[in-house]
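Only one structure is covered here, and it is reproduced in the block below.
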Amino acid sequence: MLTVMAIVARAFISYSAKRGPRPLVICGPSGSGKSTLLKRLFAEYPETFGFSVSHTTRKPRAGEQNGVHYHFVSAEQMSTLIGNDEFIETATFSGNQYGTSKQAVYDVQAQGKVCVLDIEIQGVEQIKKSHLDPVYIFNMPPTVEDLEKRLKKRGTETEETLAKRLEAAGREMAYGQAPGNFDIIVVNDDLDRAYEEFRNFIVTSIQKQISEGINVKL
Ligand SMILES: Nc1ncnc2c1ncn2[C@@H]1O[C@H](COP(=O)(O)OP(=O)(O)OP(=O)(O)O)[C@@H](O)[C@H]1O
């Protein structure tokens, strides 16, 4: 019995090692500070992390390269990919479809980088059904009142979009705090303190993977 378990464990480790480092899912209400934390993380570890290249049905703009800025696809190709369950998350903005494919995440892993996925709850639910096996981080503000203040101060919202974001925040915070949904909940109260907790958790996880033979630069 022990031998079978050892074989299974070894097979799993070698499978993961081939795939590369585990992706990093970061989820949290709009305005909770995900971009702020990620920006600091990328600045501190410029070679460790990467973003996946999304698919889109919108036309390329001048200077945009297929496979670099986006994978540009037709609406028909997009539907086929969706039908084949290729995406972690899809969304529609002003008539165009966008999506993060599982393959795009594997491509980042193959470069020995930790693929960062800044996704919403639906994406988290999708990814839990996949084989991507990421590390899950939920980022939240101390209170919804703080969130409102920060979004107002950021100056990016109309009254309507602000109301929508705050309404979604209540649902998201309940999901984020439900037992078992995330590996860690980082409350973004004081930015320096929150960043330290965020960074230390990620670095510890990467160091563990390195000790298991995964190749990633830290
Ligand atoms: N700990 C903090 N204390 C005070 N303000 C903060 C803190 N963290 C972030 N902010 C500010 O709050 C605003 C929202 O942060 P940010 O844009 O990083 O959020 P986000 O979660 O990435 O939002 P979105 O999902 O809409 O992109 C920004 O103006 C940022 O400077």
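Identifiers in the structure tokens: chain A, B, ... in order shown; residue index from 1 per chain; ligand index from 1 in order shown.
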
Find the residues of chain A that sit at most 9 Å from ligand 1; for each, write down the nearest two atoms and how far apart they are in Å, to one decimal. Count only C-alpha atoms and all ligand atoms. Sort by chain, then by number going up, and give it as JSON lines.
{"residue": "A:Cys27", "atom": "CA", "partner": "ligand 1", "partner_atom_place_in_ligand_line": "21 (O)", "distance": 8.1}
{"residue": "A:Gly28", "atom": "CA", "partner": "ligand 1", "partner_atom_place_in_ligand_line": "21 (O)", "distance": 6.3}
{"residue": "A:Pro29", "atom": "CA", "partner": "ligand 1", "partner_atom_place_in_ligand_line": "21 (O)", "distance": 6.0}
{"residue": "A:Ser30", "atom": "CA", "partner": "ligand 1", "partner_atom_place_in_ligand_line": "25 (O)", "distance": 3.5}
{"residue": "A:Gly31", "atom": "CA", "partner": "ligand 1", "partner_atom_place_in_ligand_line": "19 (O)", "distance": 3.5}
{"residue": "A:Ser32", "atom": "CA", "partner": "ligand 1", "partner_atom_place_in_ligand_line": "21 (O)", "distance": 4.0}
{"residue": "A:Gly33", "atom": "CA", "partner": "ligand 1", "partner_atom_place_in_ligand_line": "18 (O)", "distance": 3.3}
{"residue": "A:Lys34", "atom": "CA", "partner": "ligand 1", "partner_atom_place_in_ligand_line": "21 (O)", "distance": 3.9}
{"residue": "A:Ser35", "atom": "CA", "partner": "ligand 1", "partner_atom_place_in_ligand_line": "22 (O)", "distance": 3.7}
{"residue": "A:Thr36", "atom": "CA", "partner": "ligand 1", "partner_atom_place_in_ligand_line": "18 (O)", "distance": 3.8}
{"residue": "A:Leu37", "atom": "CA", "partner": "ligand 1", "partner_atom_place_in_ligand_line": "18 (O)", "distance": 6.6}
{"residue": "A:Leu38", "atom": "CA", "partner": "ligand 1", "partner_atom_place_in_ligand_line": "18 (O)", "distance": 8.1}
{"residue": "A:Lys39", "atom": "CA", "partner": "ligand 1", "partner_atom_place_in_ligand_line": "18 (O)", "distance": 8.4}
{"residue": "A:Asp118", "atom": "CA", "partner": "ligand 1", "partner_atom_place_in_ligand_line": "25 (O)", "distance": 8.2}
{"residue": "A:Ile119", "atom": "CA", "partner": "ligand 1", "partner_atom_place_in_ligand_line": "25 (O)", "distance": 8.8}
{"residue": "A:Glu120", "atom": "CA", "partner": "ligand 1", "partner_atom_place_in_ligand_line": "25 (O)", "distance": 8.8}
{"residue": "A:Asn139", "atom": "CA", "partner": "ligand 1", "partner_atom_place_in_ligand_line": "21 (O)", "distance": 7.8}
{"residue": "A:Met140", "atom": "CA", "partner": "ligand 1", "partner_atom_place_in_ligand_line": "21 (O)", "distance": 8.3}
{"residue": "A:Pro141", "atom": "CA", "partner": "ligand 1", "partner_atom_place_in_ligand_line": "1 (N)", "distance": 7.7}
{"residue": "A:Pro142", "atom": "CA", "partner": "ligand 1", "partner_atom_place_in_ligand_line": "1 (N)", "distance": 8.9}
{"residue": "A:Asp146", "atom": "CA", "partner": "ligand 1", "partner_atom_place_in_ligand_line": "4 (C)", "distance": 8.1}
{"residue": "A:Leu147", "atom": "CA", "partner": "ligand 1", "partner_atom_place_in_ligand_line": "12 (O)", "distance": 7.4}
{"residue": "A:Lys149", "atom": "CA", "partner": "ligand 1", "partner_atom_place_in_ligand_line": "12 (O)", "distance": 8.3}
{"residue": "A:Arg150", "atom": "CA", "partner": "ligand 1", "partner_atom_place_in_ligand_line": "12 (O)", "distance": 4.5}
{"residue": "A:Leu151", "atom": "CA", "partner": "ligand 1", "partner_atom_place_in_ligand_line": "13 (C)", "distance": 5.6}
{"residue": "A:Lys152", "atom": "CA", "partner": "ligand 1", "partner_atom_place_in_ligand_line": "29 (O)", "distance": 8.4}
{"residue": "A:Lys153", "atom": "CA", "partner": "ligand 1", "partner_atom_place_in_ligand_line": "29 (O)", "distance": 6.3}
{"residue": "A:Arg154", "atom": "CA", "partner": "ligand 1", "partner_atom_place_in_ligand_line": "29 (O)", "distance": 4.1}
{"residue": "A:Gly155", "atom": "CA", "partner": "ligand 1", "partner_atom_place_in_ligand_line": "29 (O)", "distance": 7.8}
{"residue": "A:Thr156", "atom": "CA", "partner": "ligand 1", "partner_atom_place_in_ligand_line": "26 (O)", "distance": 8.6}
{"residue": "A:Arg165", "atom": "CA", "partner": "ligand 1", "partner_atom_place_in_ligand_line": "26 (O)", "distance": 8.3}
{"residue": "A:Val187", "atom": "CA", "partner": "ligand 1", "partner_atom_place_in_ligand_line": "1 (N)", "distance": 8.5}
{"residue": "A:Asn188", "atom": "CA", "partner": "ligand 1", "partner_atom_place_in_ligand_line": "1 (N)", "distance": 4.8}
{"residue": "A:Asp189", "atom": "CA", "partner": "ligand 1", "partner_atom_place_in_ligand_line": "1 (N)", "distance": 4.7}
{"residue": "A:Asp190", "atom": "CA", "partner": "ligand 1", "partner_atom_place_in_ligand_line": "1 (N)", "distance": 4.5}
{"residue": "A:Leu191", "atom": "CA", "partner": "ligand 1", "partner_atom_place_in_ligand_line": "1 (N)", "distance": 3.6}
{"residue": "A:Asp192", "atom": "CA", "partner": "ligand 1", "partner_atom_place_in_ligand_line": "1 (N)", "distance": 7.4}
{"residue": "A:Arg193", "atom": "CA", "partner": "ligand 1", "partner_atom_place_in_ligand_line": "1 (N)", "distance": 8.4}
{"residue": "A:Ala194", "atom": "CA", "partner": "ligand 1", "partner_atom_place_in_ligand_line": "1 (N)", "distance": 7.0}
{"residue": "A:Tyr195", "atom": "CA", "partner": "ligand 1", "partner_atom_place_in_ligand_line": "1 (N)", "distance": 8.6}

_I'd like to know which residues of chain A are strand (DSSP E or B) (by DSSP, run on the backbone); could you write them as a ChimeraX atom specification?_
/A:24-27,49-51,55-56,66,70-72,87-93,96-101,114-118,135-140,184-187

*Find the residue from A:Gly99, A:Gly50, A:Gly180, A:Pro60 that sits nearest to Tyr136 (chain A); use only C-alpha atoms when measuring.*
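Checking each candidate against Tyr136 (chain A), we get A:Gly180 as the closest.
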
*Check the smallest atom-to-atom distance from each of A:Val108, A:Val53, A:Leu117, A:Ile184 to Ile202 (chain A) using only C-alpha atoms, then report the winner.*
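Counting only C-alpha atoms, the residue closest to Ile202 (chain A) is A:Ile184.
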
*Nearest residue to Lys129 (chain A) from the set A:Ala62, A:Ile88, A:Ala178, A:Val203 (distances using only C-alpha atoms)*: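 Of all the options, A:Ile88 lies closest to Lys129 (chain A).
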
*Determine, counting only C-alpha atoms, which protein, DNA and RNA residues have an atom within 7 Å of an atom of region 103-106 of chain A; residues of the same chain fewer than 3 positions away are not included. Present the result as an NGL selection string.*
:A and (19 or 52-53 or 100 or 109-110 or 115)

*Quick one: pick out all alpha helix (DSSP H) residues within chain A from a backbone DSSP run and write them as a PyMOL selection string.*
chain A and resi 2-19+34-44+75-83+102-110+121-128+144-154+159-177+191-211

Using C-alpha atoms, can you export the residues from the last selection as a compact mmCIF listing (two decimals), in the first residue's frame?
# COMPACT_ATOMS: atom_id res chain seq x y z
CA LEU A 2 2.80 2.32 0.99
CA THR A 3 4.56 1.60 -2.31
CA VAL A 4 1.46 2.51 -4.31
CA MET A 5 1.16 5.76 -2.38
CA ALA A 6 4.83 6.53 -2.94
CA ILE A 7 4.44 5.91 -6.69
CA VAL A 8 1.37 8.13 -6.86
CA ALA A 9 3.14 10.87 -4.87
CA ARG A 10 6.22 10.69 -7.11
CA ALA A 11 4.08 10.77 -10.26
CA PHE A 12 2.24 13.80 -8.92
CA ILE A 13 5.46 15.65 -8.10
CA SER A 14 6.94 14.95 -11.52
CA TYR A 15 3.66 15.99 -13.21
CA SER A 16 3.65 19.29 -11.30
CA ALA A 17 7.34 19.85 -12.00
CA LYS A 18 6.70 19.48 -15.73
CA ARG A 19 3.87 21.97 -15.57
CA LYS A 34 -5.28 43.90 -5.64
CA SER A 35 -3.46 45.96 -8.29
CA THR A 36 -1.62 47.93 -5.61
CA LEU A 37 -0.33 44.76 -3.93
CA LEU A 38 0.56 43.10 -7.24
CA LYS A 39 2.44 46.16 -8.44
CA ARG A 40 4.64 46.04 -5.33
CA LEU A 41 5.16 42.31 -5.71
CA PHE A 42 6.23 42.64 -9.36
CA ALA A 43 8.58 45.48 -8.45
CA GLU A 44 10.21 43.39 -5.72
CA ALA A 75 -16.43 35.21 -32.64
CA GLU A 76 -16.78 31.70 -34.15
CA GLN A 77 -13.40 30.59 -32.84
CA MET A 78 -14.25 32.03 -29.44
CA SER A 79 -17.54 30.07 -29.31
CA THR A 80 -15.72 26.87 -30.22
CA LEU A 81 -13.12 27.42 -27.49
CA ILE A 82 -15.87 28.16 -24.97
CA GLY A 83 -17.74 25.01 -26.09
CA LYS A 102 -6.14 27.34 -19.41
CA GLN A 103 -3.52 26.98 -22.15
CA ALA A 104 -2.44 30.61 -21.64
CA VAL A 105 -1.77 29.76 -18.00
CA TYR A 106 0.23 26.65 -18.96
CA ASP A 107 2.30 28.83 -21.32
CA VAL A 108 3.36 31.06 -18.41
CA GLN A 109 4.12 28.03 -16.24
CA ALA A 110 6.26 26.59 -19.04
CA ILE A 121 -15.62 34.70 -8.11
CA GLN A 122 -17.00 32.97 -11.23
CA GLY A 123 -13.41 32.51 -12.44
CA VAL A 124 -12.38 31.10 -9.06
CA GLU A 125 -15.25 28.61 -9.24
CA GLN A 126 -14.20 27.57 -12.76
CA ILE A 127 -10.56 27.18 -11.82
CA LYS A 128 -11.48 24.98 -8.86
CA VAL A 144 -17.23 48.28 2.95
CA GLU A 145 -17.09 51.95 4.12
CA ASP A 146 -13.32 51.95 3.59
CA LEU A 147 -13.86 50.46 0.16
CA GLU A 148 -16.28 53.22 -0.76
CA LYS A 149 -13.85 55.90 0.42
CA ARG A 150 -10.97 54.37 -1.58
CA LEU A 151 -13.00 54.01 -4.75
CA LYS A 152 -14.21 57.61 -4.47
CA LYS A 153 -10.66 58.79 -3.88
CA ARG A 154 -9.37 56.76 -6.85
CA GLU A 159 -22.24 57.06 -9.09
CA GLU A 160 -23.73 54.14 -10.97
CA THR A 161 -20.56 52.04 -11.27
CA LEU A 162 -19.69 52.80 -7.64
CA ALA A 163 -23.09 51.52 -6.46
CA LYS A 164 -22.66 48.36 -8.58
CA ARG A 165 -19.19 47.69 -7.22
CA LEU A 166 -20.30 48.16 -3.62
CA GLU A 167 -23.27 45.88 -4.09
CA ALA A 168 -21.01 43.18 -5.56
CA ALA A 169 -18.52 43.71 -2.72
CA GLY A 170 -20.98 42.41 -0.10
CA ARG A 171 -21.45 39.15 -1.99
CA GLU A 172 -17.74 38.82 -2.73
CA MET A 173 -16.75 39.34 0.89
CA ALA A 174 -19.14 36.61 2.02
CA TYR A 175 -17.71 34.22 -0.59
CA GLY A 176 -14.14 35.16 0.30
CA GLN A 177 -14.65 34.46 3.96
CA LEU A 191 -0.82 48.85 3.11
CA ASP A 192 2.71 48.09 4.36
CA ARG A 193 1.44 45.50 6.84
CA ALA A 194 -0.91 43.91 4.31
CA TYR A 195 1.82 43.76 1.67
CA GLU A 196 4.18 42.02 4.05
CA GLU A 197 1.60 39.35 4.87
CA PHE A 198 0.75 38.94 1.17
CA ARG A 199 4.39 38.73 0.07
CA ASN A 200 5.47 36.39 2.87
CA PHE A 201 2.66 33.95 2.15
CA ILE A 202 3.52 33.86 -1.56
CA VAL A 203 7.26 33.58 -1.02
CA THR A 204 6.81 30.73 1.48
CA SER A 205 4.64 28.87 -1.02
CA ILE A 206 7.21 29.34 -3.80
CA GLN A 207 10.08 28.24 -1.55
CA LYS A 208 8.16 25.06 -0.73
CA GLN A 209 7.70 24.37 -4.45
CA ILE A 210 11.40 24.99 -5.09
CA SER A 211 12.24 22.45 -2.39

*What is the CA of Glu47 (chain A)-CA of Glu89 (chain A) distance in Å, reported with one decimal?*
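Taking CA of Glu47 (chain A) as the start and CA of Glu89 (chain A) as the end point, the length is 25.4 Å.
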
*asked:* For a quick check of understanding, using only C-alpha atoms, which of A:Asn84, A:Ser74, A:Ser94, A:Asn181 has the smallest distance to His55 (chain A)?
replied: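 When distances to His55 (chain A) are compared using only C-alpha atoms, the smallest one comes from A:Ser74.
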
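Within 10 Å of Arg58 (chain A), once only C-alpha atoms are used and residues closer than 6 positions along the same chain are dropped, the contacting residues are Tyr70, His71, Phe72, Val73, Ser74, Ala75, Phe93, Ser94, Gly95, Asn96, Gln97 and Tyr98 of chain A.
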
Output the selection as a PDB file, in the first residue's frame - C-alpha atoms for each residue.
ATOM      1  CA  TYR A  70      -3.826  39.162 -26.975  1.00  0.00           C
ATOM      2  CA  HIS A  71      -4.738  36.040 -28.889  1.00  0.00           C
ATOM      3  CA  PHE A  72      -6.999  37.656 -31.478  1.00  0.00           C
ATOM      4  CA  VAL A  73      -9.791  35.314 -32.532  1.00  0.00           C
ATOM      5  CA  SER A  74     -13.081  35.490 -34.413  1.00  0.00           C
ATOM      6  CA  ALA A  75     -16.435  35.207 -32.643  1.00  0.00           C
ATOM      7  CA  PHE A  93     -17.050  44.488 -22.709  1.00  0.00           C
ATOM      8  CA  SER A  94     -18.617  46.838 -25.215  1.00  0.00           C
ATOM      9  CA  GLY A  95     -19.632  44.066 -27.576  1.00  0.00           C
ATOM     10  CA  ASN A  96     -16.324  42.162 -27.559  1.00  0.00           C
ATOM     11  CA  GLN A  97     -15.581  38.931 -25.760  1.00  0.00           C
ATOM     12  CA  TYR A  98     -12.481  38.355 -23.645  1.00  0.00           C
TER      13      TYR A  98
END
